[in-house]
$ cat work.pdb   # PDB, C-alpha atoms and all ligand atoms
MODEL        1
ATOM      1  CA  MET A 184      15.023 -13.863 -40.960
ATOM      2  CA  HIS A 185      12.022 -15.565 -42.591
ATOM      3  CA  VAL A 186       9.156 -13.172 -43.391
ATOM      4  CA  LEU A 187       5.701 -14.335 -44.478
ATOM      5  CA  VAL A 188       3.919 -11.765 -46.650
ATOM      6  CA  LEU A 189       0.172 -12.360 -46.920
ATOM      7  CA  GLY A 190      -0.359 -10.863 -50.352
ATOM      8  CA  GLY A 191      -2.685 -10.782 -53.329
ATOM      9  CA  THR A 192      -2.103  -7.040 -53.742
ATOM     10  CA  GLU A 193       0.319  -4.679 -55.450
ATOM     11  CA  GLU A 194       1.740  -3.805 -52.024
ATOM     12  CA  GLY A 195       2.390  -7.496 -51.335
ATOM     13  CA  ARG A 196       4.260  -7.884 -54.617
ATOM     14  CA  ARG A 197       6.362  -4.765 -54.058
ATOM     15  CA  LEU A 198       7.144  -5.714 -50.483
ATOM     16  CA  ALA A 199       8.320  -9.189 -51.534
ATOM     17  CA  GLY A 200      10.597  -7.597 -54.137
ATOM     18  CA  GLU A 201      12.098  -5.048 -51.743
ATOM     19  CA  LEU A 202      12.592  -7.465 -48.857
ATOM     20  CA  GLY A 203      14.140 -10.015 -51.166
ATOM     21  CA  ALA A 204      16.977  -7.554 -51.709
ATOM     22  CA  VAL A 205      17.690  -7.107 -47.979
ATOM     23  CA  PRO A 206      20.680  -9.239 -46.876
ATOM     24  CA  GLY A 207      19.718 -11.949 -44.414
ATOM     25  CA  VAL A 208      15.997 -11.774 -45.201
ATOM     26  CA  ARG A 209      14.090 -14.642 -46.804
ATOM     27  CA  VAL A 210      10.536 -13.971 -47.980
ATOM     28  CA  THR A 211       7.619 -16.288 -48.672
ATOM     29  CA  SER A 212       4.548 -14.715 -50.258
ATOM     30  CA  SER A 213       1.153 -16.310 -49.717
ATOM     31  CA  LEU A 214      -1.731 -16.075 -52.186
ATOM     32  CA  ALA A 215      -5.267 -17.364 -51.777
ATOM     33  CA  GLY A 216      -5.097 -18.658 -55.360
ATOM     34  CA  ARG A 217      -8.639 -17.744 -56.391
ATOM     35  CA  VAL A 218      -7.847 -15.457 -59.335
ATOM     36  CA  ALA A 219      -5.731 -16.969 -62.105
ATOM     37  CA  GLY A 220      -3.420 -14.919 -64.273
ATOM     38  CA  GLY A 221      -2.474 -12.150 -61.842
ATOM     39  CA  ALA A 222       1.057 -10.843 -61.383
ATOM     40  CA  VAL A 223       3.024 -13.251 -59.191
ATOM     41  CA  PRO A 224       5.301 -11.831 -56.475
ATOM     42  CA  PRO A 225       9.042 -12.314 -56.900
ATOM     43  CA  GLY A 226      10.682 -15.022 -54.782
ATOM     44  CA  ALA A 227       9.102 -17.965 -52.999
ATOM     45  CA  VAL A 228       5.311 -18.222 -53.277
ATOM     46  CA  ARG A 229       2.841 -20.598 -51.624
ATOM     47  CA  VAL A 230      -0.774 -20.793 -52.765
ATOM     48  CA  GLY A 231      -4.037 -21.693 -50.972
ATOM     49  CA  GLY A 232      -5.660 -21.321 -47.566
ATOM     50  CA  PHE A 233      -3.921 -22.384 -44.361
ATOM     51  CA  GLY A 234      -7.021 -23.859 -42.733
ATOM     52  CA  GLY A 235      -8.038 -20.940 -40.519
ATOM     53  CA  ALA A 236      -6.056 -19.231 -37.769
ATOM     54  CA  ALA A 237      -5.004 -22.535 -36.219
ATOM     55  CA  GLY A 238      -3.635 -23.787 -39.543
ATOM     56  CA  LEU A 239      -1.752 -20.551 -40.100
ATOM     57  CA  ALA A 240      -0.231 -20.750 -36.600
ATOM     58  CA  VAL A 241       1.004 -24.276 -37.359
ATOM     59  CA  TRP A 242       2.446 -23.062 -40.674
ATOM     60  CA  LEU A 243       4.310 -20.193 -38.975
ATOM     61  CA  ASP A 244       5.823 -22.596 -36.500
ATOM     62  CA  ALA A 245       6.695 -25.313 -39.011
ATOM     63  CA  HIS A 246       8.368 -22.853 -41.390
ATOM     64  CA  ARG A 247      10.174 -20.940 -38.640
ATOM     65  CA  VAL A 248       8.623 -17.617 -39.586
ATOM     66  CA  ASP A 249      10.108 -14.624 -37.721
ATOM     67  CA  ALA A 250       7.632 -11.946 -38.830
ATOM     68  CA  VAL A 251       4.315 -11.700 -40.702
ATOM     69  CA  VAL A 252       3.223  -8.791 -42.864
ATOM     70  CA  ASP A 253      -0.468  -8.745 -43.719
ATOM     71  CA  ALA A 254      -0.449  -6.982 -47.085
ATOM     72  CA  THR A 255      -3.850  -8.345 -48.131
ATOM     73  CA  HIS A 256      -6.626  -6.249 -49.626
ATOM     74  CA  PRO A 257      -8.468  -3.949 -47.161
ATOM     75  CA  PHE A 258     -11.662  -5.997 -47.725
ATOM     76  CA  ALA A 259      -9.994  -9.372 -47.067
ATOM     77  CA  ALA A 260     -11.173  -9.319 -43.442
ATOM     78  CA  GLU A 261     -11.093 -13.041 -42.699
ATOM     79  CA  ILE A 262      -7.425 -13.632 -43.453
ATOM     80  CA  SER A 263      -6.527 -10.443 -41.542
ATOM     81  CA  GLY A 264      -8.390 -11.687 -38.465
ATOM     82  CA  ASN A 265      -6.738 -15.085 -38.802
ATOM     83  CA  ALA A 266      -3.323 -13.442 -39.053
ATOM     84  CA  VAL A 267      -3.827 -11.678 -35.721
ATOM     85  CA  ARG A 268      -4.870 -14.842 -33.893
ATOM     86  CA  ALA A 269      -2.169 -17.000 -35.522
ATOM     87  CA  ALA A 270       0.656 -14.518 -34.921
ATOM     88  CA  ARG A 271      -0.380 -14.228 -31.280
ATOM     89  CA  GLU A 272      -0.516 -17.995 -30.878
ATOM     90  CA  ALA A 273       2.847 -18.522 -32.575
ATOM     91  CA  GLY A 274       4.480 -15.558 -30.808
ATOM     92  CA  VAL A 275       5.463 -13.887 -34.090
ATOM     93  CA  PRO A 276       5.389 -10.093 -34.672
ATOM     94  CA  LEU A 277       2.702  -8.935 -37.124
ATOM     95  CA  LEU A 278       2.299  -5.756 -39.156
ATOM     96  CA  ALA A 279      -0.535  -4.779 -41.509
ATOM     97  CA  VAL A 280       0.012  -2.661 -44.628
ATOM     98  CA  ARG A 281      -3.161  -0.727 -45.429
ATOM     99  CA  ARG A 282      -3.153   1.778 -48.258
ATOM    100  CA  PRO A 283      -5.219   4.859 -47.306
ATOM    101  CA  GLY A 284      -8.895   4.852 -48.229
ATOM    102  CA  TRP A 285     -10.334   7.210 -50.846
ATOM    103  CA  ARG A 286     -11.654  10.604 -49.756
ATOM    104  CA  ALA A 287     -14.152  12.755 -51.642
ATOM    105  CA  GLY A 288     -12.858  16.024 -53.105
ATOM    106  CA  PRO A 289     -14.500  19.138 -54.530
ATOM    107  CA  GLY A 290     -17.091  18.229 -57.169
ATOM    108  CA  ASP A 291     -17.605  14.677 -55.877
ATOM    109  CA  THR A 292     -21.066  13.449 -54.856
ATOM    110  CA  TRP A 293     -20.355  10.420 -52.713
ATOM    111  CA  VAL A 294     -22.734   8.426 -50.536
ATOM    112  CA  ASP A 295     -20.879   6.462 -47.851
ATOM    113  CA  THR A 296     -22.266   3.056 -46.873
ATOM    114  CA  ASP A 297     -20.989   0.539 -44.361
ATOM    115  CA  SER A 298     -21.738  -2.675 -46.282
ATOM    116  CA  HIS A 299     -22.626  -3.950 -49.736
ATOM    117  CA  GLU A 300     -26.152  -4.665 -48.449
ATOM    118  CA  HIS A 301     -26.458  -1.024 -47.389
ATOM    119  CA  ALA A 302     -25.172   0.085 -50.813
ATOM    120  CA  ALA A 303     -27.732  -2.165 -52.545
ATOM    121  CA  ALA A 304     -30.499  -0.558 -50.487
ATOM    122  CA  VAL A 305     -29.584   3.037 -51.437
ATOM    123  CA  VAL A 306     -28.748   2.517 -55.130
ATOM    124  CA  PRO A 307     -32.305   2.546 -56.578
ATOM    125  CA  SER A 308     -32.920   6.015 -55.151
ATOM    126  CA  LEU A 309     -29.872   7.376 -57.029
ATOM    127  CA  GLY A 310     -30.249   5.977 -60.543
ATOM    128  CA  ALA A 311     -31.543   3.078 -62.604
ATOM    129  CA  ARG A 312     -28.341   2.305 -64.555
ATOM    130  CA  VAL A 313     -25.527   1.313 -62.219
ATOM    131  CA  PHE A 314     -21.820   0.621 -62.715
ATOM    132  CA  LEU A 315     -21.042  -2.061 -60.128
ATOM    133  CA  SER A 316     -17.305  -2.145 -59.466
ATOM    134  CA  VAL A 317     -17.027  -4.175 -56.277
ATOM    135  CA  GLY A 318     -15.363  -7.393 -57.479
ATOM    136  CA  ARG A 319     -16.965 -10.820 -57.674
ATOM    137  CA  GLN A 320     -17.718 -11.797 -54.104
ATOM    138  CA  PRO A 321     -20.148  -9.022 -53.031
ATOM    139  CA  LEU A 322     -22.371  -9.290 -56.119
ATOM    140  CA  ALA A 323     -24.925 -11.449 -54.291
ATOM    141  CA  ALA A 324     -25.871  -8.433 -52.175
ATOM    142  CA  PHE A 325     -27.194  -6.729 -55.343
ATOM    143  CA  ALA A 326     -28.963  -9.802 -56.755
ATOM    144  CA  GLY A 327     -32.379  -8.754 -55.480
ATOM    145  CA  VAL A 328     -32.260  -5.201 -56.825
ATOM    146  CA  ASP A 329     -34.603  -5.678 -59.779
ATOM    147  CA  ALA A 330     -35.367  -1.963 -60.145
ATOM    148  CA  CYS A 331     -31.887  -1.291 -61.587
ATOM    149  CA  TRP A 332     -29.772  -2.444 -64.524
ATOM    150  CA  PHE A 333     -26.146  -3.191 -63.617
ATOM    151  CA  LEU A 334     -22.923  -3.000 -65.575
ATOM    152  CA  VAL A 335     -20.876  -5.531 -63.582
ATOM    153  CA  ARG A 336     -17.090  -5.420 -63.943
ATOM    154  CA  ALA A 337     -14.928  -8.251 -62.627
ATOM    155  CA  VAL A 338     -11.542  -9.813 -63.352
ATOM    156  CA  THR A 339     -12.952 -13.317 -63.858
ATOM    157  CA  PRO A 340     -16.527 -14.451 -64.632
ATOM    158  CA  PRO A 341     -18.710 -14.042 -61.523
ATOM    159  CA  SER A 342     -20.908 -16.852 -60.220
ATOM    160  CA  PRO A 343     -24.591 -16.579 -59.310
ATOM    161  CA  PRO A 344     -26.499 -15.091 -57.618
ATOM    162  CA  LEU A 345     -26.156 -11.993 -59.805
ATOM    163  CA  PRO A 346     -28.460  -9.039 -60.473
ATOM    164  CA  ARG A 347     -31.216 -10.051 -62.883
ATOM    165  CA  HIS A 348     -30.756  -7.063 -65.247
ATOM    166  CA  ARG A 349     -27.072  -6.894 -66.038
ATOM    167  CA  GLU A 350     -24.173  -6.898 -68.468
ATOM    168  CA  VAL A 351     -20.855  -8.377 -67.302
ATOM    169  CA  VAL A 352     -17.548  -6.959 -68.554
ATOM    170  CA  LEU A 353     -14.297  -8.721 -67.688
ATOM    171  CA  ALA A 354     -11.287  -6.471 -67.200
ATOM    172  CA  ARG A 355      -8.257  -6.130 -64.982
ATOM    173  CA  GLY A 356      -6.930  -2.735 -63.848
ATOM    174  CA  PRO A 357      -5.191  -0.376 -63.883
ATOM    175  CA  PHE A 358      -7.777   1.749 -65.691
ATOM    176  CA  THR A 359      -7.479   5.226 -67.214
ATOM    177  CA  VAL A 360      -9.814   8.180 -66.685
ATOM    178  CA  ALA A 361     -10.474   8.406 -70.451
ATOM    179  CA  GLY A 362     -11.307   4.694 -70.594
ATOM    180  CA  GLU A 363     -13.621   4.888 -67.570
ATOM    181  CA  ARG A 364     -15.373   8.008 -68.913
ATOM    182  CA  GLU A 365     -15.964   6.267 -72.233
ATOM    183  CA  LEU A 366     -17.279   3.121 -70.482
ATOM    184  CA  LEU A 367     -19.711   5.046 -68.274
ATOM    185  CA  ALA A 368     -20.976   7.177 -71.172
ATOM    186  CA  ARG A 369     -21.314   4.241 -73.588
ATOM    187  CA  TRP A 370     -23.535   2.284 -71.197
ATOM    188  CA  GLY A 371     -25.564   5.286 -70.031
ATOM    189  CA  VAL A 372     -24.519   4.779 -66.413
ATOM    190  CA  ARG A 373     -26.202   7.105 -63.885
ATOM    191  CA  VAL A 374     -24.602   5.917 -60.626
ATOM    192  CA  VAL A 375     -21.316   4.206 -59.683
ATOM    193  CA  VAL A 376     -20.887   1.711 -56.833
ATOM    194  CA  THR A 377     -17.417   0.920 -55.530
ATOM    195  CA  LYS A 378     -15.793  -0.443 -52.447
ATOM    196  CA  ASP A 379     -13.183   1.769 -50.799
ATOM    197  CA  SER A 380     -10.166  -0.151 -52.087
ATOM    198  CA  GLY A 381      -7.926   2.910 -52.105
ATOM    199  CA  GLY A 382      -4.835   3.190 -54.299
ATOM    200  CA  ALA A 383      -4.327   4.509 -57.810
ATOM    201  CA  ALA A 384      -4.966   1.414 -59.948
ATOM    202  CA  THR A 385      -8.762   1.590 -59.754
ATOM    203  CA  ALA A 386      -9.292   5.259 -58.812
ATOM    204  CA  ALA A 387      -9.873   6.505 -62.381
ATOM    205  CA  LYS A 388     -13.603   5.650 -62.196
ATOM    206  CA  LEU A 389     -13.957   8.192 -59.363
ATOM    207  CA  THR A 390     -12.491  10.973 -61.495
ATOM    208  CA  ALA A 391     -14.622   9.920 -64.457
ATOM    209  CA  ALA A 392     -17.762   9.944 -62.288
ATOM    210  CA  ARG A 393     -16.918  13.443 -61.044
ATOM    211  CA  GLU A 394     -16.383  14.680 -64.606
ATOM    212  CA  LEU A 395     -19.725  13.221 -65.701
ATOM    213  CA  GLY A 396     -21.531  14.519 -62.590
ATOM    214  CA  LEU A 397     -22.472  11.014 -61.416
ATOM    215  CA  PRO A 398     -23.047  10.059 -57.770
ATOM    216  CA  VAL A 399     -20.767   7.375 -56.297
ATOM    217  CA  VAL A 400     -21.878   4.942 -53.611
ATOM    218  CA  VAL A 401     -18.784   4.027 -51.588
ATOM    219  CA  VAL A 402     -18.730   0.904 -49.420
ATOM    220  CA  ARG A 403     -16.390   1.709 -46.550
ATOM    221  CA  ARG A 404     -13.872  -0.841 -45.287
ATOM    222  CA  PRO A 405     -14.296  -3.358 -42.527
ATOM    223  CA  PRO A 406     -12.220  -2.276 -39.512
ATOM    224  CA  LEU A 407      -8.772  -3.734 -38.957
ATOM    225  CA  PRO A 408      -8.776  -6.275 -36.130
ATOM    226  CA  SER A 409      -8.121  -4.475 -32.859
ATOM    227  CA  GLY A 410      -4.576  -4.208 -31.589
ATOM    228  CA  VAL A 411      -2.921  -4.575 -34.997
ATOM    229  CA  ARG A 412      -0.180  -2.186 -35.868
ATOM    230  CA  ALA A 413      -0.727  -0.808 -39.382
ATOM    231  CA  VAL A 414       1.353   1.277 -41.798
ATOM    232  CA  PRO A 415       0.145   2.916 -45.012
ATOM    233  CA  ASP A 416       2.791   1.788 -47.475
ATOM    234  CA  VAL A 417       5.642  -0.536 -48.406
ATOM    235  CA  PRO A 418       8.568   1.697 -47.294
ATOM    236  CA  ALA A 419       7.089   1.910 -43.785
ATOM    237  CA  ALA A 420       6.740  -1.884 -43.696
ATOM    238  CA  VAL A 421      10.374  -2.338 -44.786
ATOM    239  CA  ALA A 422      11.466   0.105 -42.051
ATOM    240  CA  TRP A 423       9.464  -1.865 -39.442
ATOM    241  CA  LEU A 424      11.073  -5.131 -40.518
ATOM    242  CA  ARG A 425      14.561  -3.638 -40.495
ATOM    243  CA  GLY A 426      13.919  -2.511 -36.919
ATOM    244  CA  LEU A 427      13.010  -5.972 -35.634
ATOM    245  CA  PRO A 428      15.620  -7.778 -33.508
ATOM    246  CA  ARG A 429      17.455 -10.512 -35.451
TER     247      ARG A 429
HETATM  248  P1  LIG B 501     -10.795 -13.417 -47.053
HETATM  249  O1  LIG B 501     -12.263 -13.462 -47.286
HETATM  250  O2  LIG B 501     -10.280 -12.524 -45.999
HETATM  251  O3  LIG B 501     -10.214 -14.864 -46.757
HETATM  252  C1  LIG B 501     -10.963 -16.061 -46.940
HETATM  253  C2  LIG B 501     -10.010 -17.227 -46.793
HETATM  254  O4  LIG B 501      -9.149 -17.311 -47.946
HETATM  255  C3  LIG B 501      -9.056 -17.109 -45.625
HETATM  256  O5  LIG B 501      -9.663 -17.537 -44.427
HETATM  257  C4  LIG B 501      -7.922 -17.993 -46.083
HETATM  258  O6  LIG B 501      -8.262 -19.367 -45.974
HETATM  259  C5  LIG B 501      -7.848 -17.701 -47.549
HETATM  260  N1  LIG B 501      -6.919 -16.599 -47.871
HETATM  261  C6  LIG B 501      -7.213 -15.303 -48.095
HETATM  262  N2  LIG B 501      -6.116 -14.604 -48.411
HETATM  263  C7  LIG B 501      -5.097 -15.482 -48.376
HETATM  264  C8  LIG B 501      -3.709 -15.376 -48.635
HETATM  265  N3  LIG B 501      -3.139 -14.207 -49.003
HETATM  266  N4  LIG B 501      -2.951 -16.491 -48.507
HETATM  267  C9  LIG B 501      -3.519 -17.684 -48.154
HETATM  268  N5  LIG B 501      -4.827 -17.843 -47.916
HETATM  269  C10 LIG B 501      -5.603 -16.766 -48.033
HETATM  270  O7  LIG B 501     -10.046 -13.070 -48.428
HETATM  271  P2  LIG B 501     -10.626 -12.553 -49.828
HETATM  272  O8  LIG B 501     -11.307 -11.239 -49.612
HETATM  273  O9  LIG B 501     -11.334 -13.678 -50.488
HETATM  274  O10 LIG B 501      -9.261 -12.270 -50.596
HETATM  275  C11 LIG B 501      -8.475 -13.354 -51.067
HETATM  276  C12 LIG B 501      -7.157 -12.810 -51.642
HETATM  277  O11 LIG B 501      -7.454 -11.905 -52.699
HETATM  278  C13 LIG B 501      -6.303 -12.057 -50.642
HETATM  279  O12 LIG B 501      -4.962 -12.419 -50.871
HETATM  280  C14 LIG B 501      -6.535 -10.594 -50.966
HETATM  281  O13 LIG B 501      -5.402  -9.791 -50.703
HETATM  282  C15 LIG B 501      -6.818 -10.660 -52.465
HETATM  283  N6  LIG B 501      -7.746  -9.599 -52.934
HETATM  284  C16 LIG B 501      -8.951  -9.445 -52.339
HETATM  285  C17 LIG B 501      -9.783  -8.431 -52.771
HETATM  286  C18 LIG B 501     -11.121  -8.203 -52.107
HETATM  287  O14 LIG B 501     -11.821  -7.258 -52.519
HETATM  288  N7  LIG B 501     -11.517  -8.966 -51.097
HETATM  289  C19 LIG B 501      -9.374  -7.593 -53.819
HETATM  290  C20 LIG B 501      -8.122  -7.785 -54.409
HETATM  291  C21 LIG B 501      -7.299  -8.812 -53.956
HETATM  292  P3  LIG B 501      -7.874 -20.247 -44.703
HETATM  293  O15 LIG B 501      -8.803 -19.823 -43.612
HETATM  294  O16 LIG B 501      -8.064 -21.649 -45.173
HETATM  295  O17 LIG B 501      -6.433 -19.938 -44.371
ENDMDL
END
$ encode --input "work.pdb" --output "structure tokens"
Amino acid sequence: MHVLVLGGTEEGRRLAGELGAVPGVRVTSSLAGRVAGGAVPPGAVRVGGFGGAAGLAVWLDAHRVDAVVDATHPFAAEISGNAVRAAREAGVPLLAVRRPGWRAGPGDTWVDTDSHEHAAAVVPSLGARVFLSVGRQPLAAFAGVDACWFLVRAVTPPSPPLPRHREVVLARGPFTVAGERELLARWGVRVVVTKDSGGAATAAKLTAARELGLPVVVVRRPPLPSGVRAVPDVPAAVAWLRGLPR
């Protein structure tokens, strides 16, 4: 059984490792290849886009793929949509692994938004010094917010357009609560902006914000494409694959 894991996440790496140990299963992991230096999944890896849904469907056929697991990041909406169309066209079963989103707890002051543009519109009313922890791609949405100063954190140097008043720090998670608290205090941050990535690796900033009494603007996830079966974690994905006819 040949399984294609669309990865670029911790779940994708773990899934490739676990499936690689299942007798009779062969795994290929796929990465977009935009961020250098990340942890590479065990086993066979291919890198780069497929050329849209049609290209992915051709790839599935040419490589005799028996099942696809979309273990991409919850905000990687384009590849997830392509996976649905390609799997349908190629007649291959598809499963999505989506770690649960973050939920506010006692002591949290969260403002939910449905896009980065929406987040950019509400930020100035919450504070003038902003920790922007949304990754590289959505930074353009904040480029016109001249009323605020931004502490921008990304794994690799972001490209313009960027907010005019800013400091960029390059760092790769996981992060600790103590480290995040120190970062927020050192830069005098008054409001945190994050996308709802979920998971533990980047959740420490939420605890630090709560401890410092800071509001957090949360950009909620794009919806999964309709009709996709989704599970919350790697063990459930392994169980689904084990249950497929061989
Ligand atoms: P995206 O906007 O959904 O996808 C844009 C295009 O990149 C896709 O149409 C596809 O090109 C290519 N692509 C994306 N993921 C791919 C994969 N795993 N294998 C092969 N091609 C892929 O994706 P994105 O948000 O830029 O994310 C890119 C990668 O980074 C994903 O693997 C994702 O899991 C990871 N990541 C994303 C985020 C985030 O916040 N978005 C955070 C952490 C990790 P073609 O149309 O040419 O096939």
$ residues_around --input "work.pdb" --residues "Glu394 (chain A)" --least-positions-apart "4" --cutoff "12 Å" --atoms "only C-alpha atoms" --output "list in words"
Pro289, Gly290, Asp291, Thr292, Val360, Ala361, Glu363, Arg364, Glu365, Leu367, Ala368, Ala387, Lys388, Leu389, Thr390, Pro398 and Val399 of chain A
$ residues_near_ligand --input "work.pdb" --ligand "ligand LIG 501 (chain B)" --cutoff "10 Å" --atoms "only C-alpha atoms and all ligand atoms" --output "PyMOL selection string"
chain A and resi 187-195+212-218+221+228-240+253-266+317-321+338+378-380+404
$ write_last_selection --input "work.pdb" --atoms "C-alpha atoms" --output "short mmCIF file (atom, residue, chain, number, x, y, z; two decimals), in the frame of the given file"
data_model
loop_
_atom_site.label_atom_id
_atom_site.label_comp_id
_atom_site.auth_asym_id
_atom_site.auth_seq_id
_atom_site.Cartn_x
_atom_site.Cartn_y
_atom_site.Cartn_z
CA LEU A 187 5.70 -14.34 -44.48
CA VAL A 188 3.92 -11.76 -46.65
CA LEU A 189 0.17 -12.36 -46.92
CA GLY A 190 -0.36 -10.86 -50.35
CA GLY A 191 -2.68 -10.78 -53.33
CA THR A 192 -2.10 -7.04 -53.74
CA GLU A 193 0.32 -4.68 -55.45
CA GLU A 194 1.74 -3.80 -52.02
CA GLY A 195 2.39 -7.50 -51.34
CA SER A 212 4.55 -14.72 -50.26
CA SER A 213 1.15 -16.31 -49.72
CA LEU A 214 -1.73 -16.08 -52.19
CA ALA A 215 -5.27 -17.36 -51.78
CA GLY A 216 -5.10 -18.66 -55.36
CA ARG A 217 -8.64 -17.74 -56.39
CA VAL A 218 -7.85 -15.46 -59.34
CA GLY A 221 -2.47 -12.15 -61.84
CA VAL A 228 5.31 -18.22 -53.28
CA ARG A 229 2.84 -20.60 -51.62
CA VAL A 230 -0.77 -20.79 -52.76
CA GLY A 231 -4.04 -21.69 -50.97
CA GLY A 232 -5.66 -21.32 -47.57
CA PHE A 233 -3.92 -22.38 -44.36
CA GLY A 234 -7.02 -23.86 -42.73
CA GLY A 235 -8.04 -20.94 -40.52
CA ALA A 236 -6.06 -19.23 -37.77
CA ALA A 237 -5.00 -22.54 -36.22
CA GLY A 238 -3.64 -23.79 -39.54
CA LEU A 239 -1.75 -20.55 -40.10
CA ALA A 240 -0.23 -20.75 -36.60
CA ASP A 253 -0.47 -8.74 -43.72
CA ALA A 254 -0.45 -6.98 -47.08
CA THR A 255 -3.85 -8.35 -48.13
CA HIS A 256 -6.63 -6.25 -49.63
CA PRO A 257 -8.47 -3.95 -47.16
CA PHE A 258 -11.66 -6.00 -47.72
CA ALA A 259 -9.99 -9.37 -47.07
CA ALA A 260 -11.17 -9.32 -43.44
CA GLU A 261 -11.09 -13.04 -42.70
CA ILE A 262 -7.42 -13.63 -43.45
CA SER A 263 -6.53 -10.44 -41.54
CA GLY A 264 -8.39 -11.69 -38.47
CA ASN A 265 -6.74 -15.08 -38.80
CA ALA A 266 -3.32 -13.44 -39.05
CA VAL A 317 -17.03 -4.18 -56.28
CA GLY A 318 -15.36 -7.39 -57.48
CA ARG A 319 -16.96 -10.82 -57.67
CA GLN A 320 -17.72 -11.80 -54.10
CA PRO A 321 -20.15 -9.02 -53.03
CA VAL A 338 -11.54 -9.81 -63.35
CA LYS A 378 -15.79 -0.44 -52.45
CA ASP A 379 -13.18 1.77 -50.80
CA SER A 380 -10.17 -0.15 -52.09
CA ARG A 404 -13.87 -0.84 -45.29
#
$ resolve_selection --input "work.pdb" --expression "the PyMOL selection byres (((chain A and resi 344) around 8) and not hetatm)" --output "PDB file with C-alpha atoms, in the frame of the given file"
ATOM      1  CA  LEU A 322     -22.371  -9.290 -56.119  1.00  0.00           C
ATOM      2  CA  ALA A 323     -24.925 -11.449 -54.291  1.00  0.00           C
ATOM      3  CA  ALA A 326     -28.963  -9.802 -56.755  1.00  0.00           C
ATOM      4  CA  SER A 342     -20.908 -16.852 -60.220  1.00  0.00           C
ATOM      5  CA  PRO A 343     -24.591 -16.579 -59.310  1.00  0.00           C
ATOM      6  CA  LEU A 345     -26.156 -11.993 -59.805  1.00  0.00           C
ATOM      7  CA  PRO A 346     -28.460  -9.039 -60.473  1.00  0.00           C
TER       8      PRO A 346
END
$ atom_distance --input "work.pdb" --atom1 "CA of Ser298 (chain A)" --atom2 "CA of Thr385 (chain A)"
19.2 Å
$ closest_residue --input "work.pdb" --among "A:Ala324, A:Leu353, A:Ala302, A:Ala273" --to "Val401 (chain A)" --atoms "all atoms listed in the file"
A:Ala302
$ resolve_selection --input "work.pdb" --expression "the PyMOL selection byres (((chain A and resi 285) around 7) and not hetatm)" --output "list in words"
Pro283, Gly284, Arg286, Ala287, Asp379 and Gly381 of chain A
$ residues_around --input "work.pdb" --residues "Ala311 (chain A)" --least-positions-apart "5" --cutoff "10 Å" --atoms "all atoms listed in the file" --output "ChimeraX atom specification"
/A:306,329-333,371-374
$ resolve_selection --input "work.pdb" --expression "the PyMOL selection byres (((chain A and resi 357) around 6) and not hetatm)" --output "list in words"
Gly356, Phe358, Ala384 and Thr385 of chain A
$ closest_residue --input "work.pdb" --among "A:Asp244, A:Arg336, A:Pro276, A:Trp293" --to "Val305 (chain A)" --atoms "all atoms listed in the file"
A:Trp293
$ atom_distance --input "work.pdb" --atom1 "CA of Val352 (chain A)" --atom2 "CA of Pro340 (chain A)"
8.5 Å
$ atom_distance --input "work.pdb" --atom1 "CA of Pro415 (chain A)" --atom2 "CA of Val252 (chain A)"
12.3 Å
$ axis_aligned_box --input "work.pdb" --around "region 313-327 of chain A" --padding-each-side "8 Å" --output "AutoDock Vina command-line options"
--center_x -23.9 --center_y -5.2 --center_z -57.4 --size_x 33.0 --size_y 29.1 --size_z 26.5
$ closest_residue --input "work.pdb" --among "A:Val400, A:Val375, A:Leu424, A:Val241" --to "Glu272 (chain A)" --atoms "only C-alpha atoms"
A:Val241
$ closest_residue --input "work.pdb" --among "A:Arg281, A:Arg429, A:Ser409, A:Leu334" --to "Gly207 (chain A)" --atoms "only C-alpha atoms"
A:Arg429
$ closest_residue --input "work.pdb" --among "A:Leu198, A:Ala383, A:Val376, A:Val313" --to "Glu350 (chain A)" --atoms "all atoms listed in the file"
A:Val313
$ closest_residue --input "work.pdb" --among "A:Ala222, A:Val186, A:Val328, A:Leu277" --to "His246 (chain A)" --atoms "all atoms listed in the file"
A:Val186
